[in-house]
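Structure file structure.tsv; described as TSV, C-alpha atoms.
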chain	number	residue	atom	x	y	z
A	1	MET	CA	42.45	26.57	4.26
A	2	SER	CA	41.52	23.00	3.42
A	3	LYS	CA	38.21	22.01	1.92
A	4	ALA	CA	36.29	19.04	3.19
A	5	LYS	CA	36.54	16.09	0.87
A	6	GLN	CA	33.38	15.79	-1.18
A	7	ASN	CA	32.06	12.71	-2.88
A	8	ILE	CA	31.71	13.74	-6.52
A	9	TRP	CA	30.12	10.38	-7.39
A	10	PRO	CA	26.74	10.03	-5.72
A	11	ASN	CA	25.31	6.59	-5.09
A	12	TYR	CA	24.40	5.33	-8.54
A	13	MET	CA	22.72	2.02	-9.19
A	14	LEU	CA	23.87	0.34	-12.35
A	15	GLY	CA	22.38	-2.49	-14.34
A	16	THR	CA	25.14	-4.43	-16.05
A	17	TRP	CA	25.26	-6.95	-18.83
A	18	LEU	CA	28.47	-8.83	-19.68
A	19	VAL	CA	29.13	-11.29	-22.50
A	20	PRO	CA	32.39	-13.19	-22.94
A	21	LEU	CA	33.74	-13.21	-26.50
A	22	ARG	CA	35.44	-16.48	-27.47
A	23	ASP	CA	37.79	-17.50	-30.24
A	24	ASP	CA	37.63	-20.69	-32.33
A	25	THR	CA	39.07	-22.74	-29.46
A	26	SER	CA	36.42	-21.45	-27.01
A	27	GLN	CA	38.98	-19.38	-25.12
A	28	ILE	CA	37.71	-16.09	-23.79
A	29	THR	CA	39.53	-13.37	-25.65
A	30	ALA	CA	37.50	-10.37	-24.57
A	31	VAL	CA	34.45	-9.31	-22.65
A	32	MET	CA	31.80	-7.01	-24.00
A	33	GLY	CA	29.67	-5.16	-21.50
A	34	VAL	CA	27.03	-2.52	-21.06
A	35	ALA	CA	26.29	-0.56	-17.91
A	36	ARG	CA	23.09	1.43	-17.55
A	37	ASP	CA	22.12	3.89	-14.82
A	38	ILE	CA	18.99	2.50	-13.14
A	39	THR	CA	19.03	4.81	-10.11
A	40	ASN	CA	15.71	6.51	-10.93
A	41	GLN	CA	14.08	3.17	-11.63
A	42	LYS	CA	15.20	1.85	-8.23
A	43	TRP	CA	13.97	5.01	-6.49
A	44	LEU	CA	10.58	4.62	-8.17
A	45	GLU	CA	10.42	0.95	-7.18
A	46	ASP	CA	11.24	1.87	-3.57
A	47	ASP	CA	8.57	4.60	-3.56
A	48	LYS	CA	6.04	2.17	-5.05
A	49	GLN	CA	6.82	-0.42	-2.37
A	50	LYS	CA	6.43	2.19	0.39
A	51	LEU	CA	3.06	3.22	-1.03
A	52	LEU	CA	1.92	-0.41	-1.25
A	53	ASN	CA	2.97	-1.06	2.34
A	54	ASN	CA	1.10	2.06	3.47
A	55	LEU	CA	-2.00	1.01	1.52
A	56	GLN	CA	-1.91	-2.47	3.05
A	57	GLU	CA	-1.68	-0.96	6.56
A	58	VAL	CA	-4.64	1.33	5.87
A	59	LEU	CA	-6.72	-1.46	4.30
A	60	ALA	CA	-6.05	-3.66	7.32
A	61	GLN	CA	-7.80	-1.01	9.43
A	62	VAL	CA	-10.83	-0.76	7.16
A	63	LYS	CA	-13.86	-2.85	7.99
A	64	THR	CA	-16.83	-2.33	5.69
A	65	LEU	CA	-20.46	-3.26	5.56
A	66	SER	CA	-21.64	-4.64	2.26
A	67	GLY	CA	-24.95	-5.56	0.75
A	68	LEU	CA	-28.39	-4.30	1.69
A	69	LEU	CA	-29.29	-3.60	5.31
A	70	PRO	CA	-32.90	-4.46	6.17
A	71	ILE	CA	-34.04	-1.47	8.25
A	72	CYS	CA	-37.47	-1.19	9.85
A	73	SER	CA	-39.22	1.92	8.56
A	74	VAL	CA	-40.94	2.50	11.92
A	75	CYS	CA	-38.38	1.78	14.66
A	76	LYS	CA	-35.23	2.08	12.48
A	77	ARG	CA	-33.77	-1.18	13.80
A	78	ILE	CA	-31.62	-3.40	11.59
A	79	ARG	CA	-32.31	-7.11	11.08
A	80	ASP	CA	-29.12	-9.15	11.48
A	81	ASP	CA	-28.20	-12.40	9.71
A	82	ASN	CA	-29.97	-14.43	12.42
A	83	GLY	CA	-33.25	-12.56	11.95
A	84	TYR	CA	-33.00	-10.54	15.16
A	85	TRP	CA	-33.71	-6.80	15.15
A	86	GLN	CA	-30.99	-4.62	16.67
A	87	GLN	CA	-30.61	-0.92	17.27
A	88	VAL	CA	-28.48	0.79	14.63
A	89	GLU	CA	-25.77	1.69	17.15
A	90	GLY	CA	-25.36	-1.90	18.34
A	91	TYR	CA	-25.29	-3.26	14.81
A	92	ILE	CA	-22.62	-0.78	13.69
A	93	GLN	CA	-20.51	-1.41	16.78
A	94	LYS	CA	-20.68	-5.17	16.21
A	95	HIS	CA	-19.88	-5.05	12.49
A	96	THR	CA	-17.36	-2.20	12.30
A	97	ASP	CA	-14.57	-0.66	14.34
A	98	ALA	CA	-16.32	2.73	14.28
A	99	PRO	CA	-16.85	4.23	17.71
A	100	SER	CA	-20.38	5.24	18.49
A	101	HIS	CA	-21.13	8.78	19.53
A	102	MET	CA	-24.59	9.73	20.60
A	103	GLY	CA	-26.02	13.15	19.94
A	104	TYR	CA	-29.27	14.86	19.03
A	105	ALA	CA	-30.27	16.13	15.63
A	106	PRO	CA	-31.63	19.69	15.63
A	107	ASN	CA	-35.05	18.51	14.37
A	108	ALA	CA	-35.35	15.69	16.93
A	109	PHE	CA	-37.38	17.84	19.32

Could you take the file, read its structure, and then write that structure out as structure tokens?
Amino acid sequence: MSKAKQNIWPNYMLGTWLVPLRDDTSQITAVMGVARDITNQKWLEDDKQKLLNNLQEVLAQVKTLSGLLPICSVCKRIRDDNGYWQQVEGYIQKHTDAPSHMGYAPNAF
């Protein structure tokens, strides 16, 4: 019964640093090196990049209102930047991507 060949060395990422050692005539006589396992660091960097990309996609979909909204205390209309009074629904539709849904509050009647 033969066993399937298994890879005993998973995919490691190594950071390497090599320095040539020279003699008095500047000939390379040896090389000194260090290798360091940076697999976890690379995984974390990849995860961070995925999160940043996701955040940028979500932020691209966000459209916000900022500042104070002048609202009439009687008719509840909002004054726009041109000085015209608009219904709240129209103003929100124009300045956001939020869909409008009309309904009745229980105390409206």

Would you mind listing what lies within 12 Å of Ile71 in chain A as number ranges by chain, with all atoms listed in the file counted and same-chain residues fewer than 5 positions away left out?
A: 76-80, 83-88, 91

Those selected residues, please, written with C-alpha atoms and delivered as a compact mmCIF listing (two decimals), in the coordinates of the input.
# COMPACT_ATOMS: atom_id res chain seq x y z
CA LYS A 76 -35.23 2.08 12.48
CA ARG A 77 -33.77 -1.18 13.80
CA ILE A 78 -31.62 -3.40 11.59
CA ARG A 79 -32.31 -7.11 11.08
CA ASP A 80 -29.12 -9.15 11.48
CA GLY A 83 -33.25 -12.56 11.95
CA TYR A 84 -33.00 -10.54 15.16
CA TRP A 85 -33.71 -6.80 15.15
CA GLN A 86 -30.99 -4.62 16.67
CA GLN A 87 -30.61 -0.92 17.27
CA VAL A 88 -28.48 0.79 14.63
CA TYR A 91 -25.29 -3.26 14.81

As a check of understanding: the span from CA of Asp81 in chain A to CA of Ala98 in chain A is 19.8 Å

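Look at range 28-34 of chain A: the protein and nucleic acid residues within 7 Å of it, using all atoms listed in the file and passing over chain neighbours fewer than 5 places away, are Thr16, Trp17, Leu18, Val19, Pro20, Leu21, Arg22 and Asp23 of chain A.
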
Limited to C-alpha atoms, could you put the picked residues into a file as a PDB file, in the frame of the given file?
ATOM      1  CA  THR A  16      25.140  -4.430 -16.050  1.00  0.00           C
ATOM      2  CA  TRP A  17      25.260  -6.950 -18.830  1.00  0.00           C
ATOM      3  CA  LEU A  18      28.470  -8.830 -19.680  1.00  0.00           C
ATOM      4  CA  VAL A  19      29.130 -11.290 -22.500  1.00  0.00           C
ATOM      5  CA  PRO A  20      32.390 -13.190 -22.940  1.00  0.00           C
ATOM      6  CA  LEU A  21      33.740 -13.210 -26.500  1.00  0.00           C
ATOM      7  CA  ARG A  22      35.440 -16.480 -27.470  1.00  0.00           C
ATOM      8  CA  ASP A  23      37.790 -17.500 -30.240  1.00  0.00           C
TER       9      ASP A  23
END

What does the distance from CA of Tyr12 in chain A to CA of Lys50 in chain A come to in Å, to one decimal?
20.3 Å

Would you work out the distance separating CA of Gln93 in chain A from CA of Ser73 in chain A, expressed in Å to one decimal?
20.7 Å

Which one is closest to Asn40 in chain A: A:Met102, A:Val74, A:Met13, A:Ala108? Count only C-alpha atoms.
A:Met13

Restore all heavy atoms in range 50-61 of chain A and list the result as a compact mmCIF listing (two decimals), in the coordinates of the input.
# COMPACT_ATOMS: atom_id res chain seq x y z
N LYS A 50 6.87 1.46 -0.81
CA LYS A 50 6.43 2.19 0.39
C LYS A 50 4.94 2.51 0.32
O LYS A 50 4.22 2.37 1.30
CB LYS A 50 7.24 3.48 0.54
CG LYS A 50 8.67 3.26 0.97
CD LYS A 50 9.45 4.56 1.00
CE LYS A 50 10.92 4.31 1.24
NZ LYS A 50 11.73 5.54 1.13
N LEU A 51 4.48 2.93 -0.86
CA LEU A 51 3.06 3.22 -1.03
C LEU A 51 2.20 1.97 -0.86
O LEU A 51 1.14 2.01 -0.23
CB LEU A 51 2.80 3.85 -2.40
CG LEU A 51 3.26 5.29 -2.57
CD1 LEU A 51 3.14 5.71 -4.04
CD2 LEU A 51 2.47 6.22 -1.69
N LEU A 52 2.65 0.85 -1.41
CA LEU A 52 1.92 -0.41 -1.25
C LEU A 52 1.85 -0.84 0.20
O LEU A 52 0.80 -1.28 0.68
CB LEU A 52 2.56 -1.51 -2.11
CG LEU A 52 2.32 -1.42 -3.61
CD1 LEU A 52 3.14 -2.47 -4.34
CD2 LEU A 52 0.85 -1.59 -3.93
N ASN A 53 2.96 -0.70 0.92
CA ASN A 53 2.97 -1.06 2.34
C ASN A 53 2.00 -0.17 3.12
O ASN A 53 1.26 -0.66 3.98
CB ASN A 53 4.38 -0.94 2.91
CG ASN A 53 5.32 -2.00 2.38
OD1 ASN A 53 4.89 -3.01 1.83
ND2 ASN A 53 6.60 -1.76 2.52
N ASN A 54 2.01 1.13 2.81
CA ASN A 54 1.10 2.06 3.47
C ASN A 54 -0.35 1.71 3.17
O ASN A 54 -1.20 1.70 4.06
CB ASN A 54 1.42 3.49 3.02
CG ASN A 54 0.66 4.53 3.80
OD1 ASN A 54 0.13 4.25 4.86
ND2 ASN A 54 0.58 5.73 3.27
N LEU A 55 -0.64 1.39 1.91
CA LEU A 55 -2.00 1.01 1.52
C LEU A 55 -2.45 -0.26 2.24
O LEU A 55 -3.58 -0.34 2.72
CB LEU A 55 -2.08 0.81 0.01
CG LEU A 55 -3.41 0.40 -0.57
CD1 LEU A 55 -4.47 1.46 -0.28
CD2 LEU A 55 -3.30 0.17 -2.07
N GLN A 56 -1.56 -1.23 2.36
CA GLN A 56 -1.91 -2.47 3.05
C GLN A 56 -2.20 -2.21 4.53
O GLN A 56 -3.12 -2.80 5.10
CB GLN A 56 -0.79 -3.50 2.89
CG GLN A 56 -0.72 -4.08 1.50
CD GLN A 56 0.48 -4.97 1.29
OE1 GLN A 56 1.43 -4.94 2.06
NE2 GLN A 56 0.44 -5.75 0.22
N GLU A 57 -1.43 -1.30 5.16
CA GLU A 57 -1.68 -0.96 6.56
C GLU A 57 -3.05 -0.29 6.72
O GLU A 57 -3.80 -0.61 7.64
CB GLU A 57 -0.59 -0.02 7.07
CG GLU A 57 0.75 -0.68 7.28
CD GLU A 57 1.83 0.31 7.67
OE1 GLU A 57 1.49 1.45 8.06
OE2 GLU A 57 3.01 -0.06 7.60
N VAL A 58 -3.37 0.62 5.79
CA VAL A 58 -4.64 1.33 5.87
C VAL A 58 -5.80 0.36 5.61
O VAL A 58 -6.81 0.38 6.30
CB VAL A 58 -4.67 2.51 4.88
CG1 VAL A 58 -6.05 3.10 4.76
CG2 VAL A 58 -3.67 3.58 5.30
N LEU A 59 -5.65 -0.51 4.61
CA LEU A 59 -6.72 -1.46 4.30
C LEU A 59 -6.94 -2.45 5.44
O LEU A 59 -8.06 -2.92 5.65
CB LEU A 59 -6.41 -2.21 3.00
CG LEU A 59 -6.61 -1.42 1.73
CD1 LEU A 59 -6.16 -2.25 0.51
CD2 LEU A 59 -8.05 -1.00 1.56
N ALA A 60 -5.90 -2.75 6.19
CA ALA A 60 -6.05 -3.66 7.32
C ALA A 60 -6.92 -3.04 8.41
O ALA A 60 -7.53 -3.74 9.20
CB ALA A 60 -4.68 -4.02 7.89
N GLN A 61 -6.99 -1.71 8.43
CA GLN A 61 -7.80 -1.01 9.43
C GLN A 61 -9.23 -0.79 8.97
O GLN A 61 -10.08 -0.40 9.77
CB GLN A 61 -7.16 0.34 9.77
CG GLN A 61 -5.80 0.22 10.39
CD GLN A 61 -5.14 1.57 10.58
OE1 GLN A 61 -5.73 2.60 10.33
NE2 GLN A 61 -3.90 1.55 11.03
